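Novice: Got a file for you: query-v5.txt, compact mmCIF, C-alpha atoms and all ligand atoms.
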# COMPACT_ATOMS: atom_id res chain seq x y z
CA MET E 6 0.00 0.00 0.00
CA ASP E 7 1.35 3.44 -1.03
CA LYS E 8 2.17 5.99 1.63
CA LYS E 9 -0.57 8.57 2.03
CA THR E 10 -1.28 11.55 4.23
CA ILE E 11 -4.89 11.83 5.31
CA ILE E 12 -6.37 14.83 7.07
CA VAL E 13 -9.26 13.79 9.30
CA THR E 14 -11.26 16.76 10.57
CA GLY E 15 -13.43 16.32 13.66
CA GLY E 16 -11.20 13.42 14.71
CA ALA E 17 -11.62 14.19 18.42
CA GLY E 18 -15.37 13.51 18.18
CA PHE E 19 -17.31 10.26 18.18
CA ILE E 20 -17.08 8.90 14.62
CA GLY E 21 -13.92 10.80 13.64
CA SER E 22 -11.94 9.27 16.54
CA ASN E 23 -13.14 5.78 15.67
CA PHE E 24 -12.04 6.47 12.09
CA VAL E 25 -8.59 7.66 13.27
CA TYR E 26 -8.10 4.40 15.19
CA HIS E 27 -9.39 2.33 12.27
CA MET E 28 -6.96 3.97 9.83
CA LEU E 29 -3.92 3.87 12.16
CA GLY E 30 -4.58 0.17 12.78
CA LYS E 31 -5.16 -0.80 9.17
CA TYR E 32 -2.57 1.35 7.36
CA PRO E 33 0.70 1.44 9.32
CA ASN E 34 2.39 3.49 6.58
CA TYR E 35 -0.25 6.25 6.39
CA ARG E 36 0.17 9.58 8.14
CA ILE E 37 -3.05 10.62 9.87
CA VAL E 38 -3.42 14.31 10.70
CA CYS E 39 -6.39 15.13 12.91
CA VAL E 40 -7.80 18.66 12.70
CA ASP E 41 -10.19 19.56 15.50
CA CYS E 42 -10.89 22.79 17.39
CA LEU E 43 -12.18 20.83 20.42
CA THR E 44 -15.68 22.17 20.88
CA TYR E 45 -17.70 20.80 23.82
CA ALA E 46 -18.05 17.58 21.73
CA GLY E 47 -14.34 17.11 21.03
CA ASN E 48 -12.22 15.46 23.65
CA LEU E 49 -8.46 15.04 23.42
CA SER E 50 -8.50 12.20 25.97
CA THR E 51 -10.33 10.19 23.29
CA LEU E 52 -7.14 10.37 21.18
CA LYS E 53 -4.76 9.47 24.03
CA LYS E 54 -3.59 6.23 22.36
CA ALA E 55 -3.35 7.80 18.90
CA LEU E 56 -1.12 10.56 20.27
CA GLU E 57 1.49 7.91 21.14
CA ASN E 58 1.66 6.80 17.47
CA PRO E 59 4.45 8.48 15.42
CA ASN E 60 2.20 8.39 12.31
CA PHE E 61 -0.34 10.63 14.03
CA ARG E 62 -0.46 14.40 14.39
CA PHE E 63 -3.09 16.48 16.17
CA ALA E 64 -3.65 20.08 15.02
CA LYS E 65 -6.01 22.27 17.05
CA ILE E 66 -7.57 24.25 14.22
CA ASP E 67 -11.07 25.51 13.48
CA ILE E 68 -12.07 24.39 9.97
CA ARG E 69 -13.54 27.87 9.38
CA ASP E 70 -10.09 29.42 9.83
CA ALA E 71 -8.89 29.63 6.20
CA GLU E 72 -5.43 30.91 7.09
CA ALA E 73 -4.67 28.14 9.58
CA ILE E 74 -6.06 25.50 7.21
CA ASP E 75 -3.92 26.84 4.35
CA LYS E 76 -0.81 26.70 6.55
CA LEU E 77 -1.53 23.12 7.54
CA PHE E 78 -2.09 22.03 3.92
CA ALA E 79 1.19 23.71 2.92
CA GLU E 80 2.98 21.71 5.64
CA GLU E 81 1.29 18.37 5.11
CA HIS E 82 0.34 18.24 1.41
CA PRO E 83 -2.46 15.75 2.13
CA ASP E 84 -3.57 13.16 -0.42
CA ILE E 85 -7.04 12.83 1.07
CA VAL E 86 -9.23 14.97 3.33
CA VAL E 87 -12.13 13.38 5.23
CA ASN E 88 -14.43 15.95 6.82
CA PHE E 89 -16.20 14.75 9.96
CA ALA E 90 -16.02 18.14 11.72
CA ALA E 91 -19.48 19.47 12.39
CA GLU E 92 -21.96 20.58 14.97
CA SER E 93 -23.87 17.31 15.11
CA HIS E 94 -26.66 17.47 17.70
CA VAL E 95 -30.18 18.12 16.39
CA ASP E 96 -31.53 19.42 19.73
CA ARG E 97 -28.77 22.02 20.00
CA SER E 98 -29.47 23.13 16.41
CA ILE E 99 -33.09 23.80 17.34
CA ARG E 100 -31.98 26.00 20.25
CA ASP E 101 -29.14 27.79 18.45
CA PRO E 102 -28.99 27.29 14.65
CA LYS E 103 -26.31 29.88 13.78
CA ILE E 104 -23.17 27.93 14.69
CA PHE E 105 -24.56 24.96 12.72
CA LEU E 106 -24.76 27.01 9.53
CA GLU E 107 -21.33 28.51 10.13
CA THR E 108 -19.46 25.29 10.92
CA ASN E 109 -21.35 22.83 8.75
CA ILE E 110 -21.56 24.95 5.57
CA MET E 111 -18.66 27.42 5.73
CA GLY E 112 -16.24 24.82 7.15
CA PRO E 113 -16.48 22.54 4.09
CA GLU E 114 -16.08 25.58 1.82
CA VAL E 115 -12.78 26.48 3.52
CA LEU E 116 -11.57 22.87 3.30
CA MET E 117 -12.52 22.52 -0.37
CA GLU E 118 -10.78 25.78 -1.28
CA ALA E 119 -7.61 24.36 0.27
CA CYS E 120 -8.12 21.01 -1.52
CA LYS E 121 -8.43 22.93 -4.81
CA LYS E 122 -5.28 24.98 -4.17
CA TYR E 123 -3.13 22.02 -3.07
CA ASN E 124 -4.47 19.52 -5.66
CA VAL E 125 -5.76 17.09 -3.07
CA SER E 126 -6.80 13.87 -4.80
CA ARG E 127 -9.95 13.33 -2.74
CA TYR E 128 -12.24 15.42 -0.54
CA HIS E 129 -14.73 13.25 1.30
CA GLN E 130 -17.74 14.89 2.95
CA VAL E 131 -19.27 12.87 5.79
CA SER E 132 -22.97 13.54 5.51
CA THR E 133 -26.08 12.02 7.06
CA ASP E 134 -29.34 10.27 6.19
CA GLU E 135 -31.12 13.21 7.84
CA VAL E 136 -30.67 15.26 4.64
CA TYR E 137 -33.54 13.21 3.14
CA GLY E 138 -36.06 14.29 5.80
CA ASP E 139 -38.18 11.48 7.20
CA LEU E 140 -40.44 8.59 6.17
CA PRO E 141 -43.88 7.68 7.53
CA LEU E 142 -44.17 4.82 10.02
CA ASP E 143 -46.96 3.17 8.01
CA ARG E 144 -44.88 2.73 4.82
CA PRO E 145 -42.19 0.17 5.76
CA ASP E 146 -41.65 -0.40 2.01
CA LEU E 147 -40.05 3.08 1.61
CA PHE E 148 -36.29 3.68 1.97
CA PHE E 149 -33.89 6.55 1.25
CA THR E 150 -31.83 5.99 -1.90
CA GLU E 151 -29.12 8.32 -3.21
CA THR E 152 -31.67 9.85 -5.60
CA THR E 153 -34.27 10.63 -2.92
CA ASN E 154 -34.90 14.40 -2.82
CA LEU E 155 -33.16 16.44 -0.13
CA HIS E 156 -35.85 17.46 2.35
CA ALA E 157 -34.18 18.41 5.62
CA SER E 158 -36.24 19.09 8.77
CA SER E 159 -33.95 20.65 11.39
CA PRO E 160 -31.36 23.44 11.18
CA TYR E 161 -28.75 20.67 11.65
CA SER E 162 -29.96 18.55 8.73
CA ALA E 163 -30.52 21.65 6.56
CA SER E 164 -26.90 22.67 7.16
CA LYS E 165 -25.68 19.18 6.22
CA ALA E 166 -27.85 19.14 3.07
CA SER E 167 -26.43 22.56 2.13
CA ALA E 168 -22.88 21.25 2.56
CA ASP E 169 -23.71 18.32 0.26
CA LEU E 170 -24.90 20.73 -2.43
CA VAL E 171 -21.78 22.88 -2.07
CA THR E 172 -19.60 19.76 -2.27
CA LEU E 173 -21.26 18.59 -5.48
CA ALA E 174 -20.98 22.13 -6.88
CA TYR E 175 -17.20 22.09 -6.28
CA HIS E 176 -17.05 18.88 -8.29
CA ARG E 177 -19.19 20.15 -11.18
CA THR E 178 -17.72 23.67 -11.31
CA TYR E 179 -14.06 23.14 -10.46
CA GLY E 180 -13.66 19.41 -11.10
CA LEU E 181 -12.72 18.83 -7.45
CA PRO E 182 -12.55 15.05 -6.81
CA VAL E 183 -15.21 14.69 -4.14
CA THR E 184 -17.27 11.88 -2.64
CA ILE E 185 -20.10 12.02 -0.10
CA SER E 186 -21.40 9.38 2.31
CA ARG E 187 -24.83 9.60 3.93
CA CYS E 188 -24.96 7.31 6.92
CA SER E 189 -27.70 6.38 9.37
CA ASN E 190 -27.43 6.68 13.19
CA ASN E 191 -24.14 5.39 14.59
CA TYR E 192 -23.52 3.92 18.04
CA GLY E 193 -20.45 2.55 19.81
CA PRO E 194 -17.42 3.72 21.86
CA TYR E 195 -16.77 7.45 22.45
CA HIS E 196 -20.37 8.45 21.63
CA PHE E 197 -20.97 11.79 23.34
CA PRO E 198 -23.39 11.41 26.28
CA GLU E 199 -25.99 13.88 24.97
CA LYS E 200 -27.10 11.40 22.26
CA LEU E 201 -29.81 8.79 22.85
CA ILE E 202 -27.86 5.57 23.53
CA PRO E 203 -25.05 6.87 25.80
CA LEU E 204 -27.45 9.23 27.60
CA MET E 205 -29.80 6.36 28.42
CA ILE E 206 -26.94 4.05 29.53
CA ILE E 207 -25.49 6.69 31.85
CA ASN E 208 -28.86 7.81 33.29
CA ALA E 209 -29.81 4.18 33.93
CA LEU E 210 -26.51 3.56 35.72
CA HIS E 211 -27.34 6.52 37.99
CA ASP E 212 -31.00 5.45 38.43
CA LYS E 213 -32.03 8.78 36.88
CA PRO E 214 -35.17 9.17 34.72
CA LEU E 215 -34.75 8.19 31.05
CA PRO E 216 -36.28 11.06 29.01
CA VAL E 217 -38.06 9.61 25.94
CA TYR E 218 -39.33 12.24 23.49
CA GLY E 219 -43.02 12.16 22.44
CA ASP E 220 -44.48 8.65 22.14
CA GLY E 221 -41.08 6.97 21.79
CA LEU E 222 -42.11 5.39 18.49
CA ASN E 223 -39.71 7.36 16.26
CA VAL E 224 -37.53 4.97 14.31
CA ARG E 225 -33.80 5.23 13.66
CA ASP E 226 -31.65 2.89 11.53
CA TRP E 227 -28.68 2.00 13.80
CA LEU E 228 -25.19 1.10 12.57
CA TYR E 229 -22.15 0.13 14.67
CA VAL E 230 -19.58 2.93 14.25
CA GLU E 231 -16.80 0.62 13.02
CA ASP E 232 -18.97 -0.43 10.07
CA HIS E 233 -19.36 3.25 9.13
CA CYS E 234 -15.57 3.73 9.33
CA LYS E 235 -15.02 0.72 7.06
CA ALA E 236 -17.50 2.14 4.54
CA ILE E 237 -15.67 5.49 4.42
CA ASP E 238 -12.33 3.67 4.07
CA LEU E 239 -13.74 1.84 1.01
CA ILE E 240 -15.24 5.01 -0.50
CA ILE E 241 -12.04 7.08 -0.24
CA HIS E 242 -9.99 4.30 -1.82
CA ASN E 243 -12.40 2.79 -4.37
CA GLY E 244 -15.45 5.07 -4.60
CA LYS E 245 -16.25 6.97 -7.80
CA VAL E 246 -15.52 10.67 -7.81
CA GLY E 247 -18.64 12.87 -7.84
CA GLU E 248 -20.78 10.12 -6.28
CA VAL E 249 -22.93 9.89 -3.18
CA TYR E 250 -23.06 6.63 -1.19
CA ASN E 251 -25.74 5.77 1.36
CA VAL E 252 -24.49 3.76 4.35
CA GLY E 253 -26.84 1.78 6.60
CA GLY E 254 -27.41 -1.73 7.88
CA HIS E 255 -31.20 -2.23 7.68
CA ASN E 256 -31.49 -2.09 11.42
CA GLU E 257 -34.56 0.00 12.19
CA MET E 258 -35.59 0.31 15.82
CA ALA E 259 -38.11 2.43 17.73
CA ASN E 260 -36.50 4.60 20.42
CA ILE E 261 -38.62 3.05 23.18
CA ASP E 262 -37.41 -0.45 22.26
CA ILE E 263 -33.76 0.65 22.47
CA VAL E 264 -34.38 2.23 25.87
CA LYS E 265 -36.08 -0.94 27.16
CA LEU E 266 -33.23 -3.07 25.84
CA ILE E 267 -30.65 -0.93 27.65
CA LEU E 268 -32.61 -1.17 30.91
CA LYS E 269 -32.85 -4.96 30.53
CA GLU E 270 -29.10 -5.31 29.86
CA LEU E 271 -28.30 -3.20 32.93
CA GLY E 272 -30.91 -4.92 35.14
CA LYS E 273 -32.75 -1.64 35.77
CA PRO E 274 -36.56 -1.15 36.02
CA GLU E 275 -38.71 0.24 33.17
CA SER E 276 -40.23 2.61 35.73
CA LEU E 277 -37.19 4.84 35.02
CA ILE E 278 -38.68 5.64 31.59
CA THR E 279 -40.18 9.16 31.53
CA PHE E 280 -42.01 10.47 28.47
CA VAL E 281 -41.15 14.13 27.92
CA GLU E 282 -42.16 16.87 25.47
CA ASP E 283 -41.38 15.95 21.85
CA ARG E 284 -38.50 17.40 19.82
CA LYS E 285 -39.75 20.20 17.52
CA GLY E 286 -40.14 18.93 13.92
CA HIS E 287 -39.14 15.45 15.14
CA ASP E 288 -38.37 13.16 12.17
CA ARG E 289 -40.51 10.03 12.40
CA ARG E 290 -38.49 7.36 10.64
CA TYR E 291 -35.13 7.02 8.88
CA ALA E 292 -34.35 3.99 6.71
CA ILE E 293 -31.38 3.68 4.38
CA ASP E 294 -31.18 1.60 1.21
CA PRO E 295 -27.46 0.65 1.04
CA THR E 296 -27.69 -1.28 -2.27
CA LYS E 297 -25.32 1.03 -4.15
CA ILE E 298 -22.36 0.75 -1.75
CA HIS E 299 -22.91 -3.00 -1.52
CA ASN E 300 -23.04 -3.54 -5.29
CA GLU E 301 -20.26 -1.10 -6.25
CA LEU E 302 -17.82 -1.44 -3.34
CA GLY E 303 -18.79 -4.74 -1.70
CA TRP E 304 -19.58 -3.11 1.66
CA LEU E 305 -21.77 -4.95 4.15
CA PRO E 306 -22.25 -4.23 7.86
CA GLU E 307 -20.47 -6.75 10.07
CA THR E 308 -21.75 -6.08 13.60
CA LYS E 309 -25.31 -7.13 14.40
CA PHE E 310 -27.22 -4.75 16.68
CA ALA E 311 -27.71 -7.46 19.34
CA ASP E 312 -23.92 -7.80 19.66
CA GLY E 313 -23.06 -4.13 19.07
CA ILE E 314 -25.32 -2.83 21.83
CA VAL E 315 -23.89 -5.30 24.37
CA LYS E 316 -20.33 -4.30 23.34
CA THR E 317 -21.28 -0.63 23.65
CA ILE E 318 -22.82 -0.99 27.11
CA LYS E 319 -19.73 -2.92 28.21
CA TRP E 320 -17.52 -0.12 26.84
CA TYR E 321 -19.38 2.50 28.91
CA LEU E 322 -19.09 0.31 32.01
CA GLU E 323 -15.35 -0.11 31.49
CA ASN E 324 -14.62 3.51 30.51
CA GLU E 325 -16.34 5.44 33.25
CA ASP E 326 -13.37 7.84 33.56
CA TRP E 327 -13.97 9.00 29.98
CA TRP E 328 -17.62 9.91 30.42
CA GLN E 329 -17.39 11.05 34.06
CA GLU E 330 -14.97 13.75 32.94
CA ILE E 331 -17.49 14.92 30.36
CA ILE E 332 -20.64 14.86 32.46
CA SER E 333 -19.02 16.61 35.38
CA GLY E 334 -18.19 19.74 33.37
CA ASP E 335 -19.90 21.83 30.73
CA TYR E 336 -22.17 18.99 29.79
CA GLN E 337 -23.92 19.32 33.15
CA ASN E 338 -24.97 22.90 32.36
CA TYR E 339 -26.23 21.79 28.97
CA TYR E 340 -28.28 19.02 30.59
CA GLU E 341 -30.00 21.48 32.92
CA LYS E 342 -30.88 23.78 30.00
CA MET E 343 -32.30 20.97 27.84
CA TYR E 344 -34.22 18.93 30.40
CA GLY E 345 -34.62 21.31 33.36
CA ASP E 346 -38.11 22.44 32.26
CA LYS E 347 -39.30 19.12 30.76
P1 LIG S 401 -19.40 14.79 17.23
O1 LIG S 401 -20.24 15.94 17.62
O2 LIG S 401 -19.19 13.68 18.20
O3 LIG S 401 -17.94 15.30 16.80
C1 LIG S 401 -17.75 16.44 16.02
C2 LIG S 401 -16.28 16.85 16.14
O4 LIG S 401 -16.07 17.98 15.29
C3 LIG S 401 -15.86 17.27 17.55
O5 LIG S 401 -14.62 16.69 17.88
C4 LIG S 401 -15.72 18.79 17.46
O6 LIG S 401 -14.75 19.33 18.34
C5 LIG S 401 -15.32 18.95 16.00
N1 LIG S 401 -15.65 20.28 15.47
C6 LIG S 401 -16.84 20.93 15.55
N2 LIG S 401 -16.74 22.13 14.96
C7 LIG S 401 -15.48 22.24 14.49
C8 LIG S 401 -14.79 23.25 13.79
N3 LIG S 401 -15.37 24.40 13.46
N4 LIG S 401 -13.48 23.04 13.46
C9 LIG S 401 -12.86 21.88 13.81
N5 LIG S 401 -13.49 20.90 14.49
C10 LIG S 401 -14.78 21.07 14.83
O7 LIG S 401 -20.02 14.26 15.87
P2 LIG S 401 -20.14 12.77 15.30
O8 LIG S 401 -21.38 12.15 15.81
O9 LIG S 401 -18.86 12.09 15.46
O10 LIG S 401 -20.38 13.09 13.75
C11 LIG S 401 -19.29 13.27 12.88
C12 LIG S 401 -19.81 13.56 11.48
O11 LIG S 401 -20.63 12.50 11.02
C13 LIG S 401 -20.69 14.82 11.40
O12 LIG S 401 -20.38 15.48 10.21
C14 LIG S 401 -22.11 14.27 11.37
O13 LIG S 401 -22.95 15.15 10.66
C15 LIG S 401 -21.92 12.97 10.65
N6 LIG S 401 -22.85 11.87 10.97
C16 LIG S 401 -23.06 11.52 12.28
C17 LIG S 401 -23.89 10.42 12.56
C18 LIG S 401 -24.14 9.96 13.97
O14 LIG S 401 -24.96 9.06 14.18
N7 LIG S 401 -23.47 10.50 14.97
C19 LIG S 401 -24.49 9.71 11.51
C20 LIG S 401 -24.26 10.13 10.18
C21 LIG S 401 -23.42 11.20 9.95
O1 LIG S 402 -29.33 9.82 11.43
C1 LIG S 402 -28.03 10.31 11.58
C2 LIG S 402 -28.00 11.35 12.67
O2 LIG S 402 -28.14 10.65 13.91
C3 LIG S 402 -26.74 12.19 12.67
O3 LIG S 402 -26.69 12.94 11.47
C4 LIG S 402 -26.70 13.14 13.89
O4 LIG S 402 -25.48 13.83 13.94
C5 LIG S 402 -26.84 12.28 15.14
O5 LIG S 402 -26.86 13.09 16.30
C6 LIG S 402 -28.12 11.43 15.08
O6 LIG S 402 -29.28 12.28 15.13
P1 LIG S 402 -30.60 11.88 15.95
O7 LIG S 402 -31.38 13.09 16.21
O8 LIG S 402 -31.29 10.72 15.32
O9 LIG S 402 -29.88 11.30 17.28
P2 LIG S 402 -30.22 11.51 18.85
O10 LIG S 402 -29.33 10.55 19.58
O11 LIG S 402 -30.19 12.93 19.24
O12 LIG S 402 -31.70 10.99 18.95
C7 LIG S 402 -32.08 9.69 18.51
C8 LIG S 402 -33.57 9.54 18.72
O13 LIG S 402 -33.83 9.50 20.12
C9 LIG S 402 -34.38 10.70 18.17
O14 LIG S 402 -35.62 10.19 17.67
C10 LIG S 402 -34.65 11.57 19.39
C11 LIG S 402 -34.73 10.56 20.52
N1 LIG S 402 -34.26 11.04 21.84
C12 LIG S 402 -33.03 11.61 21.93
C13 LIG S 402 -32.54 12.08 23.13
C14 LIG S 402 -31.19 12.72 23.23
C15 LIG S 402 -35.05 10.86 22.98
O15 LIG S 402 -36.17 10.29 22.90
N2 LIG S 402 -34.58 11.31 24.17
C16 LIG S 402 -33.35 11.93 24.31
O16 LIG S 402 -33.01 12.35 25.44
In structure tokens, what does this structure look like?

Specialist:
Amino acid sequence: MDKKTIIVTGGAGFIGSNFVYHMLGKYPNYRIVCVDCLTYAGNLSTLKKALENPNFRFAKIDIRDAEAIDKLFAEEHPDIVVNFAAESHVDRSIRDPKIFLETNIMGPEVLMEACKKYNVSRYHQVSTDEVYGDLPLDRPDLFFTETTNLHASSPYSASKASADLVTLAYHRTYGLPVTISRCSNNYGPYHFPEKLIPLMIINALHDKPLPVYGDGLNVRDWLYVEDHCKAIDLIIHNGKVGEVYNVGGHNEMANIDIVKLILKELGKPESLITFVEDRKGHDRRYAIDPTKIHNELGWLPETKFADGIVKTIKWYLENEDWWQEIISGDYQNYYEKMYGDK
């Protein structure tokens, strides 16, 4: 395998850090440069093991900072850029949309300008199934394909859909070699404890109420994070330039069923479940059709949900230091703001 330098933005977050570890493990002759400005969601302790690897560099840079990004590209001359950096939490985007538009739309523009200037051979935009809007619960025959219209619901998903359009425009207008992946909900190690699965695990461990939005019947299509990382690895090496690839494992589950499963695994009572006010504009159901990535690149998910959720719960039990550090700080203030009046 040739030597390559890969810039991974947002590598101190949930999926980006899993991707850093996947790439360092699989490609011992690649240089991995993580760019992250360490927002509340980025945590350097997540990259502790990576920082010991001589093939790894961490650069604390905001992707909106064109000057700093230009300097880094001049130093590193990357072959590939994979952009995970984003504001990623739907509830926060409903409270405060501005930073979502700034980071999630302007950030990719800055990165693609640098890719254009330094002739980077691939810019990969990590997108989401949320750009397609939602599907009704009573039409289980419907799935999102790559040609489904963009129909975003929240400021978060609208910002991600906008970034996808800008990315495709850079390909059409400037010939920039881009690819886009649109993945369903991920779960696994290093998932920030404001998202459904880690929040429910941690609340259950503390015998705190488990806040389920609305009727709890909203459906998400869950994929173990390592399977997402493997899909991106395949796309950046073998995917066709200018193409979009959906990533998902046909694993649809209602929120309430996930919450009950977590309680069962932890031996905690269902009486901890508390139904709270619904999310504004709450998407009902996501469901990905992954036929294209399977047929073109041979990708298939490897971890079944039944195994992945047990592994994930075990990870949170064994890595209490990691999440205790998070929930004891800023996250606590956030929690009060979000759930204090619910
Ligand atoms: P996350 O919130 O856990 O991590 C985001 C990371 O980006 C953090 O480390 C943060 O510090 C960094 N970041 C934010 N703004 C930045 C900026 N301006 N400059 C540099 N770094 C910045 O997010 P995640 O769940 O790991 O998601 C990663 C990407 O994958 C996002 O683009 C998201 O839209 C997409 N995605 C997420 C999921 C999911 O289920 N979590 C599914 C599909 C797609
Ligand atoms: O589908 C991919 C998307 O998945 C990504 O693009 C986003 O970055 C990621 O955050 C995730 O978005 P969701 O909104 O689906 O994830 P979240 O964990 O916030 O919520 C999952 C479901 O659980 C959703 O229907 C809302 C519900 N929920 C969430 C929280 C935090 C609750 O019922 N209670 C909660 O406390």

Novice: Tell me, as a ChimeraX atom specification, which residues lie within 9 Å of E:Ile293, counting only C-alpha atoms; anything in the same chain fewer than 3 positions away does not count.

Specialist: /E:134,148-150,187-189,226,251-255

Novice: Which residues of stretch 96-115 of chain E have any atom within 8 Å of an atom in stretch 154-177 of chain E when counting all atoms listed in the file, and what is the closest pair of atoms for each, with the distance in Å to one decimal? Order the rows by chain and rising number and write it as a tab-separated table.

Specialist:
residue	atom	partner	partner_atom	distance
E:Ser98	CA	E:Tyr161	CA	5.4
E:Ile99	CA	E:Pro160	CA	6.4
E:Pro102	CA	E:Pro160	CA	5.7
E:Phe105	CA	E:Tyr161	CA	6.1
E:Leu106	CA	E:Ser164	CA	5.4
E:Asn109	CA	E:Ser164	CA	5.8
E:Ile110	CA	E:Ala168	CA	4.9
E:Pro113	CA	E:Ala168	CA	6.7
E:Glu114	CA	E:Val171	CA	7.4

Novice: Residues proximal to (-11.9, 9.6, -2.4) were defined as those with any atom within 9 Å of that point in the file's coordinates, counting all atoms listed in the file. Which are they, as a list in words?

Specialist: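 Taken together, the residues in range are Ile85, Val86, Val87, Ser126, Arg127, Tyr128, His129, Pro182, Val183, Thr184, Ile185, Ile237, Asp238, Leu239, Ile240, Ile241, His242, Asn243, Gly244, Lys245 and Val246 of chain E.
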
Novice: If we count all atoms listed in the file, what is near E:Pro203 at a cut-off of 9 Å, once residues fewer than 6 positions away on the same chain are taken out, given as an MDAnalysis selection string?

Specialist: chainID E and resid 192:193 195:197 317:318 321

Novice: Counting all atoms listed in the file, which residue out of E:Leu222, E:Cys234, E:Ile267, E:Leu140 sits closest to ligand LIG 401 (chain S)?

Specialist: E:Cys234

Novice: May I ask which of the residues E:Asn34, E:Thr44, E:Asn324, E:Asn338 is the closest one to ligand LIG 401 (chain S), counting only C-alpha atoms and all ligand atoms?

Specialist: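 Distance minimum relative to ligand LIG 401 (chain S) lands on E:Thr44.
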
Novice: So which residues are near ligand LIG 401 (chain S), meaning at most 6 Å away with all atoms listed in the file counted, given back as a ChimeraX atom specification?

Specialist: /E:15-21,41-44,46-47,66-69,89-93,108,131-133,188-191,197
